[in-house]
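As provided, query-v3.txt (compact mmCIF, C-alpha atoms) reads as follows.
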# COMPACT_ATOMS: atom_id res chain seq x y z
CA MET U 198 0.00 0.00 0.00
CA ASN U 199 2.73 2.41 1.06
CA GLU U 200 4.73 1.49 -2.04
CA LEU U 201 1.74 2.15 -4.29
CA LEU U 202 1.21 5.58 -2.70
CA THR U 203 4.89 6.43 -3.06
CA GLN U 204 5.05 5.39 -6.71
CA GLN U 205 1.66 6.81 -7.73
CA PRO U 206 1.44 10.23 -6.02
CA ILE U 207 -2.04 10.93 -7.43
CA TYR U 208 -3.41 8.22 -5.09
CA VAL U 209 -2.02 10.21 -2.14
CA VAL U 210 -4.17 13.14 -3.32
CA LEU U 211 -7.18 10.82 -3.67
CA VAL U 212 -6.63 9.53 -0.13
CA THR U 213 -6.52 13.13 1.12
CA ALA U 214 -9.75 14.04 -0.69
CA LEU U 215 -11.33 10.87 0.68
CA ILE U 216 -10.34 11.75 4.27
CA VAL U 217 -11.97 15.18 3.92
CA TRP U 218 -15.22 13.98 2.36
CA VAL U 219 -15.55 10.95 4.66
CA GLY U 220 -15.01 13.26 7.65
CA ILE U 221 -17.68 15.70 6.49
CA ALA U 222 -20.06 12.84 5.59
CA PHE U 223 -19.55 11.26 9.03
CA TYR U 224 -20.38 14.56 10.75
CA LEU U 225 -23.45 14.97 8.55
CA TRP U 226 -24.55 11.41 9.33
CA ARG U 227 -24.25 12.06 13.09
CA VAL U 228 -26.30 15.29 12.86
CA ASP U 229 -28.88 13.46 10.74
CA SER U 230 -29.14 10.60 13.27
CA ARG U 231 -29.70 13.03 16.15
CA LEU U 232 -32.25 14.95 14.09
CA SER U 233 -34.14 11.75 13.21
CA ALA U 234 -34.15 10.72 16.88
CA ALA U 235 -35.51 14.14 17.90
CA GLU U 236 -38.22 13.92 15.23
CA ARG U 237 -39.22 10.43 16.40
CA ARG U 238 -39.46 11.63 20.00
CA ARG U 239 -41.67 14.54 18.96
CA GLN U 240 -43.98 12.25 16.97
CA GLN U 241 -44.40 9.99 20.01
CA MET X 216 -7.61 33.97 -2.04
CA LEU X 217 -8.37 35.90 1.10
CA ALA X 218 -11.16 37.59 -0.87
CA ALA X 219 -12.60 34.14 -1.71
CA THR X 220 -12.57 33.18 1.98
CA ILE X 221 -14.25 36.46 2.97
CA LEU X 222 -16.87 36.01 0.22
CA GLY X 223 -17.48 32.42 1.37
CA VAL X 224 -17.89 33.54 5.00
CA LEU X 225 -20.22 36.46 4.15
CA LEU X 226 -22.32 34.29 1.86
CA GLY X 227 -22.21 31.47 4.42
CA MET X 228 -23.79 33.71 7.04
CA TRP X 229 -26.22 35.42 4.65
CA PRO X 230 -29.13 36.19 5.14
CA THR X 231 -29.01 34.65 8.63
CA ILE X 232 -27.21 31.58 9.89
CA ARG X 233 -30.09 30.79 12.26
CA ARG X 234 -32.60 29.65 9.61
CA GLY X 235 -32.59 27.03 6.84
CA ARG X 236 -30.51 27.76 3.77
CA PRO X 237 -32.35 28.90 0.61
CA ALA X 238 -32.41 26.49 -2.35
CA TRP X 239 -30.18 28.71 -4.54
CA TRP X 240 -27.63 28.84 -1.72
CA LYS X 241 -27.50 25.06 -1.46
CA ALA X 242 -27.20 24.79 -5.25
CA LEU X 243 -24.30 27.25 -5.22
CA ALA X 244 -22.52 25.27 -2.47
CA ILE X 245 -22.96 22.00 -4.39
CA VAL X 246 -21.67 23.57 -7.63
CA ALA X 247 -18.65 25.01 -5.78
CA VAL X 248 -17.90 21.62 -4.21
CA ILE X 249 -18.18 19.78 -7.55
CA GLY X 250 -16.00 22.46 -9.18
CA THR X 251 -13.39 22.03 -6.45
CA ILE X 252 -13.32 18.24 -6.79
CA VAL X 253 -13.07 18.36 -10.60
CA LEU X 254 -10.48 21.15 -10.78
CA SER X 255 -8.34 19.76 -7.99
CA LEU X 256 -8.16 16.24 -9.41
CA ALA X 257 -8.78 16.30 -13.18
CA PRO X 258 -6.26 18.68 -14.82
CA PRO X 259 -2.95 16.98 -15.63
CA THR X 260 0.25 18.29 -14.10
CA ALA X 261 2.62 19.50 -16.80
CA GLY X 262 5.82 21.48 -16.60
CA THR X 263 8.18 22.88 -19.20
CA LEU X 264 11.29 21.43 -20.83
CA THR X 265 13.27 23.69 -18.49
CA ASP X 266 11.62 21.94 -15.52
CA ALA X 267 12.73 18.59 -16.95
CA ILE X 268 16.31 19.88 -17.25
CA ILE X 269 16.32 21.26 -13.67
CA VAL X 270 14.92 18.01 -12.23
CA ALA X 271 17.40 15.91 -14.27
CA ARG X 272 20.33 17.79 -12.74
CA ALA X 273 19.24 16.64 -9.27
CA GLN X 274 17.90 13.21 -10.28
CA PRO X 275 19.39 12.15 -13.65
CA ASN X 276 16.84 9.48 -14.63
CA SER X 277 13.68 11.22 -13.45
CA VAL X 278 10.64 11.42 -15.72
CA VAL X 279 8.83 14.76 -15.89
CA PRO X 280 5.47 15.50 -17.58
CA VAL X 281 5.83 18.47 -19.95
CA LEU X 282 3.37 20.27 -22.22
CA VAL X 283 4.86 20.22 -25.73
CA THR X 284 3.98 20.10 -29.41
CA VAL X 285 5.62 17.32 -31.38
CA THR X 286 6.41 17.78 -35.10
CA ASP X 287 8.65 16.37 -37.85
CA VAL X 288 8.63 12.71 -36.84
CA SER X 289 11.31 10.66 -38.56
CA ASN X 290 13.25 7.41 -38.25
CA VAL X 291 16.58 7.55 -36.47
CA PRO X 292 19.22 6.42 -39.01
CA ASP X 293 20.47 2.83 -38.50
CA SER X 294 17.56 1.99 -36.20
CA THR X 295 14.15 0.55 -37.03
CA GLN X 296 12.80 0.79 -33.48
CA THR X 297 13.76 4.36 -32.55
CA TYR X 298 12.24 7.55 -33.88
CA SER X 299 12.96 11.22 -33.37
CA ALA X 300 10.87 14.39 -33.57
CA THR X 301 11.12 18.08 -32.87
CA VAL X 302 9.45 19.27 -29.67
CA HIS X 303 8.44 22.83 -28.87
CA ASP X 304 7.58 23.87 -25.37
CA ALA X 305 3.85 24.66 -25.69
CA ARG X 306 4.07 27.64 -23.33
CA THR X 307 7.40 29.15 -24.39
CA THR X 308 7.68 28.33 -28.07
CA ASP X 309 11.33 29.41 -28.28
CA HIS X 310 12.48 26.28 -26.43
CA VAL X 311 13.04 23.63 -29.11
CA ALA X 312 14.60 20.20 -28.55
CA THR X 313 14.76 16.73 -30.07
CA LEU X 314 12.50 14.00 -28.72
CA TYR X 315 13.46 10.34 -29.12
CA PHE X 316 10.93 7.59 -28.67
CA SER X 317 10.46 3.91 -29.30
CA SER X 318 7.93 2.19 -31.54
CA LEU X 319 5.77 1.62 -28.42
CA VAL X 320 4.68 5.26 -28.35
CA LYS X 321 4.99 5.91 -32.11
CA SER X 322 1.30 5.39 -32.84
CA ALA X 323 0.28 7.70 -29.98
CA ILE X 324 2.65 10.40 -31.30
CA ASP X 325 1.24 9.99 -34.81
CA GLU X 326 -2.26 10.56 -33.43
CA ILE X 327 -1.48 13.80 -31.55
CA GLY X 328 -0.04 15.53 -34.62
CA GLY X 329 1.01 19.09 -33.79
CA ARG X 330 -1.41 19.57 -30.87
CA PRO X 331 -0.18 20.57 -27.39
CA THR X 332 0.23 17.30 -25.48
CA VAL X 333 1.47 16.19 -22.09
CA VAL X 334 4.52 13.99 -22.74
CA HIS X 335 6.42 12.29 -19.92
CA VAL X 336 10.07 12.89 -20.81
CA ARG X 337 13.47 11.90 -19.49
CA ARG X 338 16.46 14.12 -20.27
CA LEU X 339 19.21 12.37 -22.24
CA ASP X 340 22.86 13.47 -22.38
CA SER X 341 22.09 17.05 -23.44
CA ASP X 342 19.60 19.82 -22.59
CA LEU X 343 18.37 19.56 -26.19
CA ALA X 344 17.61 15.82 -26.20
CA PHE X 345 14.82 14.01 -24.36
CA HIS X 346 13.30 10.54 -24.42
CA ALA X 347 9.50 10.12 -24.40
CA GLU X 348 8.49 7.54 -21.79
CA ALA X 349 4.71 7.91 -22.06
CA ILE X 350 2.12 10.10 -23.76
CA GLY X 351 -0.53 11.91 -21.72
CA PRO X 352 -3.66 13.82 -22.77
CA SER X 353 -3.69 16.15 -25.79
CA ASP X 354 -5.19 19.66 -25.81
CA PRO X 355 -5.74 19.72 -22.04
CA PHE X 356 -8.31 22.31 -20.98
CA LEU X 357 -6.15 23.21 -18.02
CA THR X 358 -2.77 22.09 -16.70
CA LEU X 359 -1.36 22.42 -13.20
CA PRO X 360 2.24 23.62 -12.87
CA TYR X 361 4.93 21.05 -12.17
CA ILE X 362 6.62 21.73 -8.82
CA PRO X 363 9.87 19.77 -8.48
CA GLY X 364 9.77 17.66 -5.33
CA LEU X 365 6.00 17.96 -4.87
CA GLU X 366 4.65 16.97 -8.33
CA GLU X 367 1.09 15.56 -8.06
CA ARG X 368 1.17 15.79 -4.26
CA ALA X 369 0.93 19.60 -4.50
CA ARG X 370 -2.83 19.07 -5.05
CA ILE X 371 -3.22 18.12 -1.36
CA MET X 372 -2.97 21.86 -0.66
CA TYR X 373 -6.47 22.38 -2.14
CA TYR X 374 -7.88 20.31 0.73
CA HIS X 375 -5.49 20.79 3.63
CA VAL X 376 -5.12 24.59 3.68
CA PRO X 377 -8.87 25.47 3.38
CA MET X 378 -9.58 23.08 6.28
CA SER X 379 -7.31 24.98 8.67
CA TRP X 380 -8.33 28.44 7.41
CA VAL X 381 -12.04 27.78 7.69
CA ALA X 382 -11.50 26.22 11.15
CA LEU X 383 -9.90 29.49 12.23
CA VAL X 384 -12.89 31.46 10.87
CA LEU X 385 -15.32 29.19 12.76
CA TYR X 386 -13.43 29.67 16.02
CA ILE X 387 -13.74 33.44 15.50
CA VAL X 388 -17.51 33.00 14.92
CA ALA X 389 -17.66 31.00 18.17
CA MET X 390 -15.88 33.84 19.96
CA VAL X 391 -18.20 36.53 18.55
CA GLU X 392 -21.32 34.54 19.49
CA SER X 393 -19.89 33.94 22.99
CA ILE X 394 -19.41 37.69 23.44
CA ILE X 395 -22.99 38.23 22.25
CA TYR X 396 -24.19 35.67 24.80
CA LEU X 397 -22.34 37.34 27.68
CA ARG X 398 -23.69 40.77 26.70
CA LYS X 399 -27.31 39.87 25.90
CA ARG X 400 -27.77 36.46 27.59
CA ARG X 401 -29.41 35.02 24.47
CA PRO X 402 -29.31 31.18 24.65
CA GLU X 403 -29.37 31.08 20.83
CA ALA X 404 -25.94 32.75 20.74
CA ASP X 405 -24.54 30.05 23.04
CA ARG X 406 -25.92 27.29 20.81
CA LEU X 407 -24.50 28.98 17.72
CA ALA X 408 -21.08 29.33 19.40
CA ALA X 409 -21.12 25.61 20.27
CA SER X 410 -22.17 24.71 16.70
CA ALA X 411 -19.37 26.82 15.17
CA ALA X 412 -16.80 25.36 17.59
CA SER X 413 -18.05 21.85 16.77
CA VAL X 414 -17.64 22.24 13.01
CA GLY X 415 -14.37 24.14 13.59
CA THR X 416 -13.04 21.14 15.52
CA LEU X 417 -14.13 18.79 12.72
CA TYR X 418 -12.20 20.96 10.23
CA THR X 419 -9.17 21.08 12.57
CA ILE X 420 -9.13 17.27 12.80
CA LEU X 421 -9.41 16.99 9.00
CA ALA X 422 -6.62 19.57 8.55
CA THR X 423 -4.43 17.52 10.90
CA LEU X 424 -5.13 14.24 9.09
CA THR X 425 -4.60 15.68 5.60
CA GLY X 426 -1.47 17.45 6.88
CA ALA X 427 -0.17 14.14 8.22
CA VAL X 428 -0.62 12.56 4.76
CA TRP X 429 1.22 15.53 3.20
CA ALA X 430 4.02 15.21 5.80
CA LYS X 431 4.44 11.47 5.20
CA TYR X 432 4.85 11.71 1.43
CA ASN X 433 6.71 15.05 1.25
CA TRP X 434 8.69 15.22 4.48
CA GLY X 435 9.11 11.49 5.27
CA ALA X 436 7.05 11.02 8.46
CA TYR X 437 3.40 11.46 9.43
CA TRP X 438 4.33 13.67 12.37
CA ASN X 439 7.40 15.91 12.65
CA TRP X 440 6.53 18.20 15.61
CA ASP X 441 6.84 21.12 13.20
CA PRO X 442 5.65 24.34 15.00
CA LYS X 443 2.44 24.42 12.92
CA GLN X 444 1.71 20.74 13.57
CA THR X 445 2.25 21.33 17.28
CA SER X 446 0.02 24.42 17.15
CA ILE X 447 -2.87 22.62 15.48
CA PHE X 448 -2.53 19.76 17.98
CA LEU X 449 -2.76 22.25 20.87
CA THR X 450 -5.79 23.89 19.21
CA MET X 451 -7.52 20.50 19.05
CA LEU X 452 -6.82 19.92 22.74
CA ILE X 453 -8.11 23.40 23.66
CA TYR X 454 -11.42 22.84 21.85
CA ALA X 455 -11.73 19.26 23.06
CA ALA X 456 -11.61 20.75 26.59
CA TYR X 457 -14.38 23.19 25.53
CA PHE X 458 -16.71 20.26 24.78
CA VAL X 459 -15.67 18.42 27.95
CA LEU X 460 -16.56 21.58 29.88
CA ARG X 461 -19.94 21.84 28.17
CA SER X 462 -20.83 18.22 28.82
CA SER X 463 -19.82 18.38 32.48
CA ILE X 464 -22.27 21.14 33.52
CA ASP X 465 -25.99 20.31 33.81
CA ASP X 466 -27.42 23.78 34.44
CA ALA X 467 -27.98 25.44 31.06
CA ALA X 468 -27.31 29.02 32.15
CA THR X 469 -24.09 28.13 34.02
CA ARG X 470 -22.93 25.97 31.11
CA ALA X 471 -23.55 28.76 28.61
CA ARG X 472 -21.82 31.40 30.77
CA LEU X 473 -18.69 29.34 31.53
CA SER X 474 -18.47 28.02 27.96
CA ALA X 475 -18.71 31.57 26.59
CA VAL X 476 -15.85 32.74 28.81
CA TYR X 477 -13.78 29.68 27.85
CA ALA X 478 -14.48 30.15 24.11
CA ILE X 479 -13.33 33.78 24.27
CA VAL X 480 -10.10 32.86 26.08
CA ALA X 481 -9.52 29.93 23.67
CA SER X 482 -10.05 32.10 20.60
CA VAL X 483 -7.41 34.55 21.87
CA ALA X 484 -4.94 31.65 21.84
CA VAL X 485 -5.91 30.47 18.33
CA PRO X 486 -4.42 33.38 16.26
CA PHE X 487 -1.24 33.08 18.34
CA LEU X 488 -1.04 29.34 17.63
CA PHE X 489 -1.99 29.66 13.94
CA PHE X 490 0.00 32.76 12.94
CA ILE X 491 2.52 33.98 15.49
CA LEU X 492 4.17 30.89 17.00
CA PRO X 493 4.89 29.12 13.63
CA ARG X 494 6.46 32.35 12.30
CA LEU X 495 8.77 32.75 15.27
CA MET X 496 10.31 29.30 14.96
CA PRO X 497 12.07 27.41 12.14
CA GLY X 498 9.85 24.77 10.58
CA LEU X 499 8.78 22.84 7.51
CA HIS X 500 5.71 24.92 6.64
CA PRO X 501 5.96 28.01 4.39
CA GLY X 502 6.19 31.23 6.39
CA SER X 503 8.38 29.77 9.17
CA SER X 504 11.18 31.94 10.57
CA ASP X 505 13.73 30.28 8.26
CA ASP X 506 11.54 30.88 5.17
CA THR X 507 12.05 34.12 3.24
CA THR X 508 8.37 34.33 2.16
CA ALA X 509 5.19 34.89 4.15
CA GLY X 510 3.71 31.75 2.58
CA PRO X 511 1.32 31.60 -0.38
CA MET X 512 -1.78 32.65 1.59
CA LEU X 513 -0.44 35.77 3.28
CA SER X 514 2.15 36.94 0.75
CA LEU X 515 1.40 40.33 -0.77
CA LYS X 516 3.28 39.38 -3.97
CA SER X 517 0.88 38.30 -6.73
CA ASP X 518 3.37 35.85 -8.29
CA THR X 519 3.85 33.72 -5.15
CA LEU X 520 1.39 31.17 -6.49
CA ASN X 521 0.74 30.19 -10.10
CA PRO X 522 -2.47 31.93 -11.43
CA THR X 523 -4.18 28.59 -12.23
CA LYS X 524 -3.48 27.36 -8.71
CA GLN X 525 -4.74 30.67 -7.29
CA VAL X 526 -8.11 30.20 -9.05
CA ILE X 527 -8.52 26.58 -7.87
CA PHE X 528 -7.34 27.45 -4.39
CA SER X 529 -9.82 30.35 -4.18
CA LEU X 530 -12.67 28.12 -5.36
CA SER X 531 -11.67 25.50 -2.79
CA LEU X 532 -11.64 28.07 0.04
CA PHE X 533 -15.04 29.35 -1.09
CA ALA X 534 -16.56 25.85 -1.34
CA PHE X 535 -15.26 24.64 2.03
CA SER X 536 -16.47 27.90 3.68
CA LEU X 537 -20.00 27.31 2.34
CA VAL X 538 -19.95 23.64 3.41
CA ALA X 539 -18.78 24.67 6.90
CA PHE X 540 -21.56 27.22 7.34
CA TRP X 541 -24.09 24.72 6.03
CA LEU X 542 -22.94 22.23 8.71
CA VAL X 543 -23.02 24.97 11.39
CA ASN X 544 -26.56 25.83 10.32
CA LEU X 545 -27.72 22.18 10.55
CA ARG X 546 -26.00 21.69 13.91
CA PHE X 547 -27.54 24.91 15.27
CA ARG X 548 -31.07 24.01 14.15
CA LEU X 549 -30.66 20.57 15.73
CA GLY X 550 -29.59 22.28 18.99
CA GLN X 551 -32.68 24.51 18.81
CA LEU X 552 -34.95 21.49 18.33
CA GLU X 553 -33.38 19.61 21.24
CA HIS X 554 -33.75 22.74 23.38
CA VAL X 555 -37.48 22.99 22.55
CA GLU X 556 -37.84 19.30 23.44
CA ARG X 557 -36.20 19.82 26.81
CA GLU X 558 -38.42 22.84 27.48
CA GLU X 559 -41.55 20.83 26.64
CA ALA X 560 -40.41 17.87 28.77
CA GLN X 561 -40.09 20.04 31.88
CA PRO X 562 -43.19 19.91 34.12
Will you turn the file into C-alpha cells for me?
Amino acid sequence: MNELLTQQPIYVVLVTALIVWVGIAFYLWRVDSRLSAAERRRQQ
Amino acid sequence: MLAATILGVLLGMWPTIRRGRPAWWKALAIVAVIGTIVLSLAPPTAGTLTDAIIVARAQPNSVVPVLVTVTDVSNVPDSTQTYSATVHDARTTDHVATLYFSSLVKSAIDEIGGRPTVVHVRRLDSDLAFHAEAIGPSDPFLTLPYIPGLEERARIMYYHVPMSWVALVLYIVAMVESIIYLRKRRPEADRLAASAASVGTLYTILATLTGAVWAKYNWGAYWNWDPKQTSIFLTMLIYAAYFVLRSSIDDAATRARLSAVYAIVASVAVPFLFFILPRLMPGLHPGSSDDTTAGPMLSLKSDTLNPTKQVIFSLSLFAFSLVAFWLVNLRFRLGQLEHVEREEAQP
C-alpha cells in the first residue's frame, strides 16, 4: 500500500480528498441521526 | 484567495445563519464543491522542458510531464525501433529540442499531430535531447504547474489549507457569538457558538489528518513536531476541553456562561497558535522563521502562487467555507430542536 502511494502520487491526493469527504459525511450522518431521533421523539 | 474566503464567509452567514438555507444557496454550495473536486483532481500536471532539465540535474533518470507540441517525426538512421521528432515547449515556443521515442509510443505520437500534449520525458545526455516515456492527454483544458519535489502531491494543498483556514474562521464565529451571549444572555448565541466550535473542531481534525498525509509523502514522516503541527494539535486539545466543559455542567445558564468565557479565552490563543508561533520558529511549513516568504496565503506578492493554482485554491476556500456554514446551520437548528424538546419535557 505504502509502495503504491509512493510510486503513484495521485493516489495520495485521492486519499486526502477521501479523508476530507468521509469526515464531512460522518459529521453529517451524526447530525442526521440526532435529528431523526428528535423527530421520532416529537412524533411519540 | 483571502477575498474568496471572505466572500465564502459572508455568503455562508447570509441572510441569517439561524434559519434554513435557501435552495439557490445550497445549489451554489454544491456547484462550488463539484467544481473544487473536478479542478483539484482532473487537470494533468505539466511542466516545461526547463523543468525537466532542472529536475534531471538533481535526479538524472527522473521522468517529468511536460506540455509540448511534437512535429517532424522521422526514423533515427540505423535503427528501425527508434524515432525522433522536434518538440516545442507549448508555453514558451522558443524552447526547441529533439525528442526520441520507441515504436511503443509511435502510434500515440502519430495521433497527436502538432497539438499541445502532455509527454512524460526523461532528459538524455544534453539539454536539447529528451526521451519520451509515455504520452498523456492532448489539448488539455487546463494544466497544473509542475513543482519539483511535490509533483502531483501539490494538489493536497487544495484540501489541507482550506480546512485549517475555515476552522480558524469558525473559532472566531464561536468567539463573537460567545461575546454576544455574555452581553445579551441570548441562549441562541450560546448554541451557535457551540455549533461553530463543533464544526471548527471537525475541520481542525481533517486539517491535521490531511497534513499528516502531506508530511508522510513530502517530508518522510506522518508527524514531525513542526511548530504548525504542534500548534494545530494544541488547538484541538483546547477545543476538546471546551466540549468536555460543556458536557460536564448540567445547568444550562451556568454551562452557557462558563463556555462563553472559555471560548473567548480559547479564541485569543488560536491566532497566536496559527500565525505567530509558527512564524517565530524554524519549521517545515511556508512562512516559518527560516523561510524568506510569508507563505502563499499571506504573501502580498501576486506571483507567489501560479495563477491557475490561485483560481482553484480560491474556489476550494469558497466551497469549504460554504460547506462549513451549512454544517453549522444544521447543527444549530438541531440544537434549537433539542432545546425545545427539553423545554416541553419540563413539568
Write out, as a Markdown table, each residue of chain U that has an atom at most 9 Å from chain X, together with the closest pair of atoms and their distance in Å to one decimal, counting all atoms listed in the file, rows going by chain and rising number.
| residue | atom | partner | partner_atom | distance |
| --- | --- | --- | --- | --- |
| U:Leu202 | CA | X:Tyr432 | CA | 8.2 |
| U:Thr203 | CA | X:Tyr432 | CA | 6.9 |
| U:Gln205 | CA | X:Glu367 | CA | 8.8 |
| U:Pro206 | CA | X:Glu367 | CA | 5.7 |
| U:Ile207 | CA | X:Glu367 | CA | 5.6 |
| U:Tyr208 | CA | X:Arg368 | CA | 8.9 |
| U:Val209 | CA | X:Arg368 | CA | 6.8 |
| U:Val210 | CA | X:Ile371 | CA | 5.4 |
| U:Leu211 | CA | X:Leu256 | CA | 8.0 |
| U:Val212 | CA | X:Val428 | CA | 8.3 |
| U:Thr213 | CA | X:Thr425 | CA | 5.5 |
| U:Ala214 | CA | X:Tyr374 | CA | 6.7 |
| U:Ile216 | CA | X:Thr425 | CA | 7.1 |
| U:Val217 | CA | X:Leu421 | CA | 6.0 |
| U:Gly220 | CA | X:Leu421 | CA | 6.9 |
| U:Ile221 | CA | X:Leu417 | CA | 7.8 |
| U:Tyr224 | CA | X:Leu417 | CA | 7.8 |
| U:Leu225 | CA | X:Leu542 | CA | 7.3 |
| U:Val228 | CA | X:Arg546 | CA | 6.5 |
| U:Asp229 | CA | X:Leu545 | CA | 8.8 |
| U:Arg231 | CA | X:Leu549 | CA | 7.6 |
| U:Leu232 | CA | X:Leu549 | CA | 6.1 |
| U:Ala235 | CA | X:Glu553 | CA | 6.8 |
| U:Glu236 | CA | X:Leu552 | CA | 8.8 |
| U:Arg238 | CA | X:Glu556 | CA | 8.6 |
| U:Arg239 | CA | X:Glu556 | CA | 7.6 |
C-alpha atoms of the current selection, written as a CSV table (one decimal), keeping the file's coordinate frame:
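This went into out.csv:
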chain,number,residue,atom,x,y,z
U,202,LEU,CA,1.2,5.6,-2.7
U,203,THR,CA,4.9,6.4,-3.1
U,205,GLN,CA,1.7,6.8,-7.7
U,206,PRO,CA,1.4,10.2,-6.0
U,207,ILE,CA,-2.0,10.9,-7.4
U,208,TYR,CA,-3.4,8.2,-5.1
U,209,VAL,CA,-2.0,10.2,-2.1
U,210,VAL,CA,-4.2,13.1,-3.3
U,211,LEU,CA,-7.2,10.8,-3.7
U,212,VAL,CA,-6.6,9.5,-0.1
U,213,THR,CA,-6.5,13.1,1.1
U,214,ALA,CA,-9.8,14.0,-0.7
U,216,ILE,CA,-10.3,11.8,4.3
U,217,VAL,CA,-12.0,15.2,3.9
U,220,GLY,CA,-15.0,13.3,7.6
U,221,ILE,CA,-17.7,15.7,6.5
U,224,TYR,CA,-20.4,14.6,10.8
U,225,LEU,CA,-23.4,15.0,8.6
U,228,VAL,CA,-26.3,15.3,12.9
U,229,ASP,CA,-28.9,13.5,10.7
U,231,ARG,CA,-29.7,13.0,16.2
U,232,LEU,CA,-32.2,15.0,14.1
U,235,ALA,CA,-35.5,14.1,17.9
U,236,GLU,CA,-38.2,13.9,15.2
U,238,ARG,CA,-39.5,11.6,20.0
U,239,ARG,CA,-41.7,14.5,19.0
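The gap separating CA of Gln561 in chain X from CA of Val543 in chain X is 27.1 Å, in Å to one decimal.
Between Pro280 in chain X and the residues X:Ala257, X:Ala305, X:Ala349, X:Ile249, the shortest atom-to-atom distance, using all atoms listed in the file, involves X:Ala349.
Between CA of Gly328 in chain X and CA of Val285 in chain X the separation is 6.8 Å.
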Problem - Atomic separation - CA of Leu359 in chain X relative to CA of Thr260 in chain X, Å - result: 4.5 Å
Could I get range 203-218 of chain U rebuilt with N, CA and C atoms, written as a CSV table (one decimal), keeping the file's coordinate frame?
chain,number,residue,atom,x,y,z
U,203,THR,N,3.6,5.8,-2.8
U,203,THR,CA,4.9,6.4,-3.1
U,203,THR,C,5.1,6.5,-4.6
U,204,GLN,N,4.8,5.4,-5.3
U,204,GLN,CA,5.0,5.4,-6.7
U,204,GLN,C,4.0,6.1,-7.5
U,205,GLN,N,2.8,6.2,-7.0
U,205,GLN,CA,1.7,6.8,-7.7
U,205,GLN,C,1.1,8.0,-6.9
U,206,PRO,N,1.8,9.1,-6.9
U,206,PRO,CA,1.4,10.2,-6.0
U,206,PRO,C,0.0,10.7,-6.1
U,207,ILE,N,-0.7,10.5,-7.3
U,207,ILE,CA,-2.0,10.9,-7.4
U,207,ILE,C,-3.0,10.2,-6.5
U,208,TYR,N,-2.6,9.0,-6.1
U,208,TYR,CA,-3.4,8.2,-5.1
U,208,TYR,C,-3.3,8.9,-3.7
U,209,VAL,N,-2.2,9.5,-3.4
U,209,VAL,CA,-2.0,10.2,-2.1
U,209,VAL,C,-3.0,11.4,-2.1
U,210,VAL,N,-3.2,12.0,-3.2
U,210,VAL,CA,-4.2,13.1,-3.3
U,210,VAL,C,-5.6,12.6,-3.2
U,211,LEU,N,-5.8,11.4,-3.8
U,211,LEU,CA,-7.2,10.8,-3.7
U,211,LEU,C,-7.5,10.4,-2.2
U,212,VAL,N,-6.5,9.9,-1.5
U,212,VAL,CA,-6.6,9.5,-0.1
U,212,VAL,C,-7.0,10.8,0.7
U,213,THR,N,-6.3,11.9,0.4
U,213,THR,CA,-6.5,13.1,1.1
U,213,THR,C,-8.0,13.6,0.9
U,214,ALA,N,-8.4,13.6,-0.4
U,214,ALA,CA,-9.8,14.0,-0.7
U,214,ALA,C,-10.8,13.1,0.0
U,215,LEU,N,-10.4,11.9,0.0
U,215,LEU,CA,-11.3,10.9,0.7
U,215,LEU,C,-11.4,11.1,2.2
U,216,ILE,N,-10.3,11.5,2.8
U,216,ILE,CA,-10.3,11.8,4.3
U,216,ILE,C,-11.3,12.9,4.5
U,217,VAL,N,-11.2,14.0,3.7
U,217,VAL,CA,-12.0,15.2,3.9
U,217,VAL,C,-13.4,14.9,3.7
U,218,TRP,N,-13.8,14.2,2.6
U,218,TRP,CA,-15.2,14.0,2.4
U,218,TRP,C,-15.8,12.9,3.3
